Every structure is written in structure tokens, then in C-alpha cells.
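Here the structure is laid out as C-alpha cells; the discussion comes afterwards.
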Amino acid sequence: MILPNDFKSEYKEIEQEIQLKIQDFFAKGRYILGEELQGFEQDFAKYIGQNNCVGVANGLEGLFLSLKALGVGEGDEVIVPSNAYIASVLSISQVGATPVFVEPNPFTYNIDVSKIEEKITKKTKVILPVHLYGLVSDMPAIMEIAKRYNLFVVEDCAQAHGASINGQKAGSFGDINAFSFYPTKNLGAYGDAGAITTNSYDLARKIQMLRNYGSEVRYQNEMIGYNSRLDELQAAILKVKLKFLDNWNLRRREAANEFREIFSNKNWIFPMEPEGYKHVYHQFVVQSENREADLLELEKSGYKCLIHYPIPPYKSKVYTEMFKNYTFPIADSIANKVFSLPIHGKMWSKKQDYEKQ
């Protein structure tokens with residue numbers, strides 16, 4: 001069975017470096033806000049192309065703290081795609097703001113920039129594009145809209161580590177941007193982890209305090225803060241794994257091209273990669289009019305497929321009352337048709353021989 005992830009093979013490739021790093025970590029005896037975290041933050045900021053990176057506990061916290069740092073709160077509106085994973089929407093609710101859904105482009109799965117302006121009101125404070133499945137949203141257009149209306153932009157980069165437009169990486173367009181390093185991500189920790197990138201030193205300093213009880217100097221608390229620190233061990237592991245990210249992304253791209261060949265006889269809608277964009281295929285998502293039948297056939301052929309995502313956020317129980325008078329037919333259509341073929345950074349290291357369908 002071809003599974004969506006192969007953590008064991010990934011670990012085997014980097015085992016020696018990871019073990020040495022862990023031994024060094026325990027020998028130093030510094031577990032919180034130490035040099036491993038600082039080293040990863042510096043490396044990741046350089047990789048993304050930003051002045052600052054601040055490690056946080058997870059991706060949801062990254063979005064939440066980004067919005068808090070921008071002063072988003074009750075009475076504000078945040079524009080977000082209607083088909084995003086619910087974490088993107090929860091972060092808006094957690095700061096007391098109101099999510100305003102914009103339908104996605106049905107072929108890229110990212111927010112349809114042509115529909116953003118009609119949703120902007122006097123209460124709008126942030127556009128929060130989600131780079132779904134590993135393809136960057138149309139950030140040049142989004143940044144132009146944000147500039148025109150004096151809005152902030154927060155990129156949700158949880159699924160787009162290393163993705164880019166004309167060489168500019170996800171996480172380097174917005175005012176402040178959040179990443180998840182959940183184990184299944186293209187760059188995954190061995191547990192929960194996240195980070196925020198920004199070119200603003202003021203925002204970075206604010207995030208550093210927010211993640212640490214609102215404190216920059218011990219026992220001196222300047223604001224209402226939180227406990228959302230990326231621990232030293234996960235930072236040490238991520239620092240090692242970052243060196244392999246581009247190669248793992250290349251393997252994902254090779255697998256995606258092979259899938260297009262293998263399943264060329266299928267009447268599916270395959271992932272798009274517009275000119276100048278680099279898709280990193282966190283998921284290889286297709287749309288099928290006969291999803292259940294296709295999933296059964298693929299299971300018999302040895303493919304463990306998943307559905308990302310079966311329920312649009314506005315239909316989740318937590319939001320049904322808020323959006324009971326709304327419909328988002330494109331998000332609904334996508335949710336009813338999509339499924340994900342198994343894809344990860346180790347698929348082609350073994351040169352698996354996929355049977356032609």
C-alpha cells in the first residue's frame with residue numbers, strides 16, 4: 001500500500017544528523033528559547049527571504065499571534081477563502097474578529113482575487129490568503145488590492161514550504177506570515193511546531209513578547225501574552241530537516257508529474273501550476289465526478305487516498321449559526337469532488353514502479 005506519508009524512510013535518510021543533533025541538545029541542557037531556536041529562526045528567515053522568523057507552538061498559534069500583533073480584534077473583518085482548512089478561520093474567531101469568506105478559484109483552490117474587492121467593507125482589516133495544497137495564491141494581485149484599500153496581509157503558509165512565484169517564496173509577500181511544521185507538512189517537526197516570518201522588526205519583537213507571556217525581560221510583562229514557544233528540540237530537528245526541504249519538494253514534484261502520466265486516462269481535474277509558479281504538492285489533489293468509485297478502485301490498486309477537505313468551514317457545527325443564511329457553492333462543489341493521492345518527499349527515493357492504470 002502506498003501511504004500518504006513515509007516517516008520511517010524520511011528519518012532513515014537523516015538519522016545520523018538527527019541523532020547527533022539530539023545528543024548535542026541534551027548535552028547543552030537548554031530546552032526553551034535557546035541557541036537551537038535562534039539558529040533555526042535565522043536559517044528559516046534566510047530561506048524564506050525575510051528579515052525575521054519567530055518560532056511558535058504550532059501553525060494555528062502562528063496565525064492567531066500574527067492577527068494579534070496587527071491589532072485585529074472585535075469589530076474587525078478578515079477576508080479568508082471559503083474552502084480553507086478550519087484552522088485559518090479559527091484564528092480569526094480567536095481574536096474576536098469576523099471571518100468573511102471569498103470563494104476560491106475552482107482550479108487552483110486558492111482565493112479568487114477577482115472576488116475579493118466586493119467583500120471589502122469599512123470593517124475589513126486583513127486579507128488572509130491560504131496557499132492550499134502547496135500552490136501560492138496570486139500574491140502580486142492580493143498585495144495590490146491590500147495597498148489600494150490600506151489593508152494588512154497575513155499569508156497562511158502551512159502547506160507551502162518552499163513554494164514560490166517567480167522565485168519569491170511563500171511567506172515573503174505579506175506583512176506577517178504563518179507556517180505550520182506539523183509532522184505531515186513538507187517541512188515537519190516530530191510534534192507540533194510553527195513559525196512566523198516578517199520583514200518588520202517591530203512586528204517580530206511584538207510576536208516574541210506575545211509568545212512568551214507578553215515579556216521581553218523575565219518578570220517584566222508589557223502586554224497580555226501567551227505561552228506559545230517553539231521548543232529547542234523541535235527547533236534543532238527542523239534546523240537539520242530544512243537542509244533537505246528543497247530535495248524533498250523536488251521528489252514531490254517528480255511524483256506529481258508521474259501521477260499525471262499514470263492517470264492520464266482519467267477524467268479528473270488535475271492540479272494547476274500557472275506560469276512562474278512553483279507548486280510543492282503538499283497534497284496532490286484531483287477532482288472527480290465519481291469520487292467514491294475512484295477511491296474504491298485506487299484502494300484496490302494499492303493507493304491510500306484521503307479527502308482534503310470534506311466539509312467547508314462554514315458548514316462546521318461551530319459556524320453553522322453564523323453562516324446559516326450563506327451559501328458557498330464553489331467550496332461545496334470542491335468538497336464533494338476532491339481527493340488526494342498519496343504524496344511525500346520519499347516516494348521516488350525507492351523508484352517505485354507504479355502500475356499503469
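If you're wondering about the labels, chains in the C-alpha cells are A, B, ... by order shown, residues count from 1 in each chain, ligands from 1 in order shown.
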- Query: Per DSSP on the backbone, what are the strand (DSSP E) residues of range 150-345 of chain A, as a VMD selection string?
  - Reply: chain A and resid 152 to 156 164 to 165 168 to 169 176 to 180 194 to 198 215 to 217 220 to 221 277 to 278 284 to 287 338 to 341
- Message: Env of range 287-290 of chain A: 12 Å cut, atoms = only C-alpha atoms, seq-sep filter 3 positions within chain, self excluded. Answer as a list in words.
- Response: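 Non-adjacent residues within range: Pro106, Phe107, Thr108, Tyr109, Lys266, Asn267, Trp268, Ile269, Phe270, Pro271, Met272, Phe284, Ala293, Asp294, Leu295, Leu296, Glu297, Ile307, His308, Tyr309, Ser333, Ile334, Ala335, Asn336, Lys337, Val338, Phe339, Ser340 and Leu341 of chain A.
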Resulting file, chosen residues, C-alpha atoms, as a compact mmCIF listing (two decimals), in the first residue's frame:
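Output file result-v4.txt follows:
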# COMPACT_ATOMS: atom_id res chain seq x y z
CA PRO A 106 -12.06 26.05 -8.66
CA PHE A 107 -8.85 25.03 -10.46
CA THR A 108 -6.13 26.46 -8.20
CA TYR A 109 -8.18 26.01 -4.98
CA LYS A 266 -8.88 9.51 -16.02
CA ASN A 267 -11.43 12.24 -16.44
CA TRP A 268 -10.08 14.15 -13.45
CA ILE A 269 -9.23 17.79 -12.94
CA PHE A 270 -5.52 17.77 -12.07
CA PRO A 271 -3.66 20.41 -10.03
CA MET A 272 -2.74 23.60 -11.85
CA PHE A 284 -1.76 16.08 -4.94
CA ALA A 293 -15.92 4.70 -7.23
CA ASP A 294 -12.44 6.08 -7.94
CA LEU A 295 -11.44 5.79 -4.30
CA LEU A 296 -12.51 2.14 -4.21
CA GLU A 297 -10.57 1.40 -7.39
CA ILE A 307 -10.04 13.77 1.24
CA HIS A 308 -8.72 17.28 1.91
CA TYR A 309 -11.26 18.57 2.94
CA SER A 333 -18.53 21.58 -5.13
CA ILE A 334 -14.83 21.21 -4.38
CA ALA A 335 -15.52 19.46 -1.08
CA ASN A 336 -17.77 16.96 -2.87
CA LYS A 337 -15.29 16.12 -5.63
CA VAL A 338 -11.72 16.30 -4.34
CA PHE A 339 -9.45 13.59 -3.08
CA SER A 340 -5.70 13.39 -2.54
CA LEU A 341 -3.36 10.79 -3.96
- Message: Quick check for you: according to DSSP on this backbone, which residues of range 19-207 of chain A are classed as helix (DSSP H, G or I)? Reply as JSON, numbers by chain.
- Response: {"A": [19, 20, 21, 22, 23, 24, 25, 26, 27, 28, 35, 36, 37, 38, 39, 40, 41, 42, 43, 44, 45, 46, 47, 48, 59, 60, 61, 62, 63, 64, 65, 66, 67, 68, 69, 86, 87, 88, 89, 90, 91, 92, 93, 94, 113, 114, 115, 117, 118, 119, 132, 133, 134, 139, 140, 141, 142, 143, 144, 145, 146, 147, 148, 149, 201, 202, 203, 204, 205, 206, 207]}
- Message: Give me, as a PyMOL selection string, all polymer residues having an atom no more than 12 Å from range 219-224 of chain A, counting only C-alpha atoms and skipping those fewer than 5 positions away in the same chain.
- Response: chain A and resi 65+68-69+205-214
Just-selected residues, C-alpha atoms written as a JSON list (two decimals), in the first residue's frame:
[["chain", "number", "residue", "atom", "x", "y", "z"],
["A", 65, "LEU", "CA", -0.46, 35.71, 17.09],
["A", 68, "LYS", "CA", -2.97, 39.84, 17.48],
["A", 69, "ALA", "CA", 0.26, 41.59, 16.56],
["A", 205, "ARG", "CA", 9.59, 41.93, 18.54],
["A", 206, "LYS", "CA", 5.90, 42.07, 19.38],
["A", 207, "ILE", "CA", 5.46, 38.40, 18.41],
["A", 208, "GLN", "CA", 8.48, 37.46, 20.53],
["A", 209, "MET", "CA", 6.76, 39.03, 23.54],
["A", 210, "LEU", "CA", 3.31, 37.67, 22.74],
["A", 211, "ARG", "CA", 4.62, 34.10, 22.53],
["A", 212, "ASN", "CA", 6.35, 34.47, 25.92],
["A", 213, "TYR", "CA", 3.72, 35.79, 28.36],
["A", 214, "GLY", "CA", 3.98, 39.32, 26.95]]
List the spatial neighbours of Glu144 in chain A as a PDB file with N, CA and C atoms, in the first residue's frame - criterion: any atom at most 12 Å away, only C-alpha atoms, same-chain residues fewer than 6 positions off excluded.
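That gives us part.pdb:
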ATOM      1  N   VAL A 113      -9.017  36.092  -6.608  1.00  0.00           N
ATOM      2  CA  VAL A 113      -8.715  37.503  -6.366  1.00  0.00           C
ATOM      3  C   VAL A 113      -9.745  38.425  -7.010  1.00  0.00           C
ATOM      4  N   ILE A 116     -12.427  39.444  -4.352  1.00  0.00           N
ATOM      5  CA  ILE A 116     -12.051  39.996  -3.045  1.00  0.00           C
ATOM      6  C   ILE A 116     -12.658  41.372  -2.820  1.00  0.00           C
ATOM      7  N   GLU A 117     -12.526  42.252  -3.792  1.00  0.00           N
ATOM      8  CA  GLU A 117     -12.918  43.649  -3.582  1.00  0.00           C
ATOM      9  C   GLU A 117     -14.388  43.804  -3.220  1.00  0.00           C
ATOM     10  N   ILE A 127      -6.520  40.737   4.741  1.00  0.00           N
ATOM     11  CA  ILE A 127      -6.758  39.657   3.778  1.00  0.00           C
ATOM     12  C   ILE A 127      -5.860  38.503   4.201  1.00  0.00           C
ATOM     13  N   ASP A 138      -2.381  34.062  -5.628  1.00  0.00           N
ATOM     14  CA  ASP A 138      -1.934  35.145  -6.523  1.00  0.00           C
ATOM     15  C   ASP A 138      -1.545  36.355  -5.677  1.00  0.00           C
ATOM     16  N   ASN A 150      -5.577  49.905   1.886  1.00  0.00           N
ATOM     17  CA  ASN A 150      -4.861  50.077   3.154  1.00  0.00           C
ATOM     18  C   ASN A 150      -5.152  48.934   4.126  1.00  0.00           C
ATOM     19  N   LEU A 151      -5.007  47.712   3.637  1.00  0.00           N
ATOM     20  CA  LEU A 151      -5.266  46.517   4.436  1.00  0.00           C
ATOM     21  C   LEU A 151      -3.957  45.771   4.719  1.00  0.00           C
ATOM     22  N   PHE A 152      -3.961  45.022   5.810  1.00  0.00           N
ATOM     23  CA  PHE A 152      -2.846  44.114   6.096  1.00  0.00           C
ATOM     24  C   PHE A 152      -3.049  42.804   5.345  1.00  0.00           C
ATOM     25  N   VAL A 153      -1.944  42.092   5.108  1.00  0.00           N
ATOM     26  CA  VAL A 153      -1.999  40.753   4.518  1.00  0.00           C
ATOM     27  C   VAL A 153      -1.250  39.783   5.426  1.00  0.00           C
ATOM     28  N   PHE A 173       5.606  37.637   1.071  1.00  0.00           N
ATOM     29  CA  PHE A 173       4.778  38.651   0.415  1.00  0.00           C
ATOM     30  C   PHE A 173       4.031  39.515   1.431  1.00  0.00           C
ATOM     31  N   GLY A 174       3.411  38.887   2.410  1.00  0.00           N
ATOM     32  CA  GLY A 174       2.528  39.579   3.329  1.00  0.00           C
ATOM     33  C   GLY A 174       3.259  40.402   4.377  1.00  0.00           C
TER      34      GLY A 174
END
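Comparing the minimum interatomic distances between Ala87 in chain A and each of A:Asn186, A:Asn58, A:Asn325, A:Gln16, counting only C-alpha atoms, we find that A:Asn58 sits nearest.
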- Query: What lies within 8 Å of Val136 in chain A using only C-alpha atoms, ignoring chain neighbours under 6 positions off, as a list in words?
  - Reply: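 Contacts, in chain order: Asn110, Val130, Ala160, Ala163, Ser164, Ile165, Ala170, Tyr277, Lys278 and His279 of chain A.
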Write the selection just made, keeping N, CA and C atoms, as an mmCIF file, in the first residue's frame?
data_model
loop_
_atom_site.group_PDB
_atom_site.id
_atom_site.type_symbol
_atom_site.label_atom_id
_atom_site.label_comp_id
_atom_site.auth_asym_id
_atom_site.auth_seq_id
_atom_site.Cartn_x
_atom_site.Cartn_y
_atom_site.Cartn_z
ATOM 1 N N ASN A 110 -7.142 28.192 -4.578
ATOM 2 C CA ASN A 110 -6.807 29.368 -3.785
ATOM 3 C C ASN A 110 -7.839 30.472 -3.991
ATOM 4 N N VAL A 130 -4.783 31.670 1.836
ATOM 5 C CA VAL A 130 -4.264 30.359 2.240
ATOM 6 C C VAL A 130 -3.673 29.689 1.008
ATOM 7 N N ALA A 160 2.790 25.305 2.254
ATOM 8 C CA ALA A 160 3.533 25.838 1.103
ATOM 9 C C ALA A 160 5.004 26.111 1.385
ATOM 10 N N ALA A 163 7.307 26.815 -1.708
ATOM 11 C CA ALA A 163 6.557 27.204 -2.904
ATOM 12 C C ALA A 163 6.879 28.661 -3.239
ATOM 13 N N SER A 164 6.730 29.022 -4.518
ATOM 14 C CA SER A 164 7.151 30.367 -4.906
ATOM 15 C C SER A 164 6.418 30.860 -6.150
ATOM 16 N N ILE A 165 6.534 32.172 -6.373
ATOM 17 C CA ILE A 165 6.112 32.817 -7.615
ATOM 18 C C ILE A 165 7.311 33.575 -8.157
ATOM 19 N N ALA A 170 6.689 31.725 -0.755
ATOM 20 C CA ALA A 170 5.553 31.895 0.153
ATOM 21 C C ALA A 170 6.086 32.291 1.521
ATOM 22 N N TYR A 277 4.929 29.920 -11.361
ATOM 23 C CA TYR A 277 4.658 29.391 -10.029
ATOM 24 C C TYR A 277 5.409 28.071 -9.826
ATOM 25 N N LYS A 278 5.824 27.828 -8.586
ATOM 26 C CA LYS A 278 6.410 26.537 -8.230
ATOM 27 C C LYS A 278 5.527 25.890 -7.167
ATOM 28 N N HIS A 279 4.827 24.857 -7.576
ATOM 29 C CA HIS A 279 3.936 24.084 -6.703
ATOM 30 C C HIS A 279 4.786 23.069 -5.949
#
- Message: List the spatial neighbours of range 23-34 of chain A as a list in words - criterion: any atom at most 7 Å away, only C-alpha atoms, same-chain residues fewer than 5 positions off excluded.
- Response: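 My list of contacting residues is Asp231, Glu232 and Leu233 of chain A.
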- Message: Env of Tyr149 in chain A: 12 Å cut, atoms = only C-alpha atoms, seq-sep filter 5 positions within chain, self excluded. Answer as a list in words.
- Response: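 Listed by chain and then number, they are Ile116, Glu117, Glu118, Lys119, Ile120, Thr121, Lys122, Lys123, Thr124, Lys125, Val126, Ile127, Ile142, Met143 and Glu144 of chain A.
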With a cut-off of 10 Å, could you pull out the residues of range 7-93 of chain A touching range 241-244 of chain A and give me the nearest pair of atoms for each, distance in Å to one decimal, using only C-alpha atoms, ordered by chain and ascending number, as CSV?
residue,atom,partner,partner_atom,distance
A:Glu10,CA,A:Lys241,CA,9.7
A:Tyr11,CA,A:Lys241,CA,9.6
A:Glu13,CA,A:Phe244,CA,9.6
A:Ile14,CA,A:Lys241,CA,7.7
A:Glu17,CA,A:Lys241,CA,9.2
A:Ile18,CA,A:Lys241,CA,8.5
A:Phe40,CA,A:Leu242,CA,8.7
A:Asp43,CA,A:Leu242,CA,8.2
A:Phe44,CA,A:Leu242,CA,7.7
A:Tyr47,CA,A:Leu242,CA,8.7
Saved selection, atoms kept: N, CA and C atoms, as a PDB file, in the first residue's frame:
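Written output follows (part.pdb):
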ATOM      1  N   GLU A  10      11.903   8.718   5.697  1.00  0.00           N
ATOM      2  CA  GLU A  10      12.438  10.079   5.826  1.00  0.00           C
ATOM      3  C   GLU A  10      13.456  10.131   6.959  1.00  0.00           C
ATOM      4  N   TYR A  11      13.101   9.522   8.092  1.00  0.00           N
ATOM      5  CA  TYR A  11      14.013   9.530   9.232  1.00  0.00           C
ATOM      6  C   TYR A  11      15.306   8.792   8.914  1.00  0.00           C
ATOM      7  N   GLU A  13      16.864   8.568   6.184  1.00  0.00           N
ATOM      8  CA  GLU A  13      17.737   9.384   5.342  1.00  0.00           C
ATOM      9  C   GLU A  13      18.556  10.382   6.166  1.00  0.00           C
ATOM     10  N   ILE A  14      17.973  10.855   7.268  1.00  0.00           N
ATOM     11  CA  ILE A  14      18.636  11.906   8.043  1.00  0.00           C
ATOM     12  C   ILE A  14      19.004  11.445   9.457  1.00  0.00           C
ATOM     13  N   GLU A  17      22.376  12.614  11.265  1.00  0.00           N
ATOM     14  CA  GLU A  17      22.394  14.029  11.641  1.00  0.00           C
ATOM     15  C   GLU A  17      21.435  14.312  12.783  1.00  0.00           C
ATOM     16  N   ILE A  18      20.266  13.686  12.746  1.00  0.00           N
ATOM     17  CA  ILE A  18      19.283  13.908  13.800  1.00  0.00           C
ATOM     18  C   ILE A  18      19.803  13.396  15.139  1.00  0.00           C
ATOM     19  N   PHE A  40      17.620  28.084  14.151  1.00  0.00           N
ATOM     20  CA  PHE A  40      16.579  27.745  13.168  1.00  0.00           C
ATOM     21  C   PHE A  40      15.878  28.988  12.668  1.00  0.00           C
ATOM     22  N   ASP A  43      18.040  30.604  10.092  1.00  0.00           N
ATOM     23  CA  ASP A  43      18.102  29.820   8.851  1.00  0.00           C
ATOM     24  C   ASP A  43      16.797  29.895   8.071  1.00  0.00           C
ATOM     25  N   PHE A  44      15.675  29.807   8.775  1.00  0.00           N
ATOM     26  CA  PHE A  44      14.390  29.803   8.079  1.00  0.00           C
ATOM     27  C   PHE A  44      14.074  31.189   7.512  1.00  0.00           C
ATOM     28  N   TYR A  47      16.004  31.417   4.389  1.00  0.00           N
ATOM     29  CA  TYR A  47      15.433  30.552   3.362  1.00  0.00           C
ATOM     30  C   TYR A  47      14.205  31.194   2.722  1.00  0.00           C
TER      31      TYR A  47
END
- Task: To one decimal in Å, tell me the separation between CA of Tyr85 in chain A and CA of Ser114 in chain A.
- Result: 21.1 Å
- For the atom pair CA of Gln283 in chain A and CA of Phe263 in chain A, what is the interatomic distance in Å to one decimal place?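 Interatomic distance here is 16.0 Å.
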